[in-house]
Amino acid sequence: MSNTNTGGPAFPFPAYTYPNGEINHGEGGMTLRDYFAAEAMQVFLQNERSTMNQDAKAAYEMADAMLKAREA
């Protein structure tokens with residue numbers, strides 16, 4: 001397992017008990033790190049300055065920097 005800080009779920013769905021007593025235990029959804037990377041990727045793809053692999057790596061580097069900035 002990776003030690004990468006994912007920032008936790010980006011859009012968590014909390015646990016919920018329905019009126020009939022059924023329990024939905026909630027879901028984490030995508031991680032905040034993945035969300036940040038996806039948003040950064042949009043800008044990189046518009047610039048067409050490098051390969052998709054380079055863009056993807058840069059997007060996650062940006063996401064990691066954003067997560068680190070949130071800790072400050």
# chains A, B, ... in the order shown; residues from 1 in each chain; ligands from 1
>>> residues_around(residues="Thr6 of chain A", least_positions_apart="3", cutoff="8 Å", atoms="only C-alpha atoms", output="NGL selection string")
:A and (9 or 31-34 or 67)
>>> write_last_selection(atoms="N, CA and C atoms", output="PDB file, in the first residue's frame")
ATOM      1  N   PRO A   9     -11.515  11.347   0.792  1.00  0.00           N
ATOM      2  CA  PRO A   9     -12.488  11.395  -0.286  1.00  0.00           C
ATOM      3  C   PRO A   9     -12.806  12.822  -0.711  1.00  0.00           C
ATOM      4  N   THR A  31     -10.635  10.161  -4.637  1.00  0.00           N
ATOM      5  CA  THR A  31      -9.844  10.869  -3.630  1.00  0.00           C
ATOM      6  C   THR A  31      -9.679  12.329  -4.027  1.00  0.00           C
ATOM      7  N   LEU A  32      -9.397  13.144  -3.052  1.00  0.00           N
ATOM      8  CA  LEU A  32      -9.147  14.558  -3.309  1.00  0.00           C
ATOM      9  C   LEU A  32      -7.927  14.718  -4.210  1.00  0.00           C
ATOM     10  N   ARG A  33      -6.935  13.861  -4.027  1.00  0.00           N
ATOM     11  CA  ARG A  33      -5.734  13.907  -4.876  1.00  0.00           C
ATOM     12  C   ARG A  33      -6.100  13.666  -6.338  1.00  0.00           C
ATOM     13  N   ASP A  34      -6.941  12.649  -6.595  1.00  0.00           N
ATOM     14  CA  ASP A  34      -7.372  12.375  -7.965  1.00  0.00           C
ATOM     15  C   ASP A  34      -8.183  13.536  -8.534  1.00  0.00           C
ATOM     16  N   LEU A  67      -2.201  19.469  -2.013  1.00  0.00           N
ATOM     17  CA  LEU A  67      -2.478  18.814  -0.726  1.00  0.00           C
ATOM     18  C   LEU A  67      -1.525  19.299   0.350  1.00  0.00           C
TER      19      LEU A  67
END
>>> select_by_dssp(residues="chain A", states="helix (DSSP H, G or I)", output="ChimeraX atom specification")
/A:32-47,52-71
>>> select_by_dssp(residues="chain A", states="strand (DSSP E or B)", output="list in words")
Pro9, Phe13, Tyr16, Thr17, Ile23, Asn24, Glu27 and Thr31 of chain A
>>> atom_distance(atom1="atom CA of Gly29 of chain A", atom2="atom CA of Ala10 of chain A")
6.8 Å
>>> closest_residue(among="A:Gly8, A:His25, A:Lys68, A:Glu61", to="Ala38 of chain A", atoms="only C-alpha atoms")
A:Glu61
>>> residues_around(residues="segment 42-47 of chain A", least_positions_apart="6", cutoff="10 Å", atoms="only C-alpha atoms", output="ChimeraX atom specification")
/A:54-56,58-59
>>> closest_residue(among="A:Glu22, A:Met41, A:Asp64, A:Thr51", to="Asn5 of chain A", atoms="only C-alpha atoms")
A:Asp64
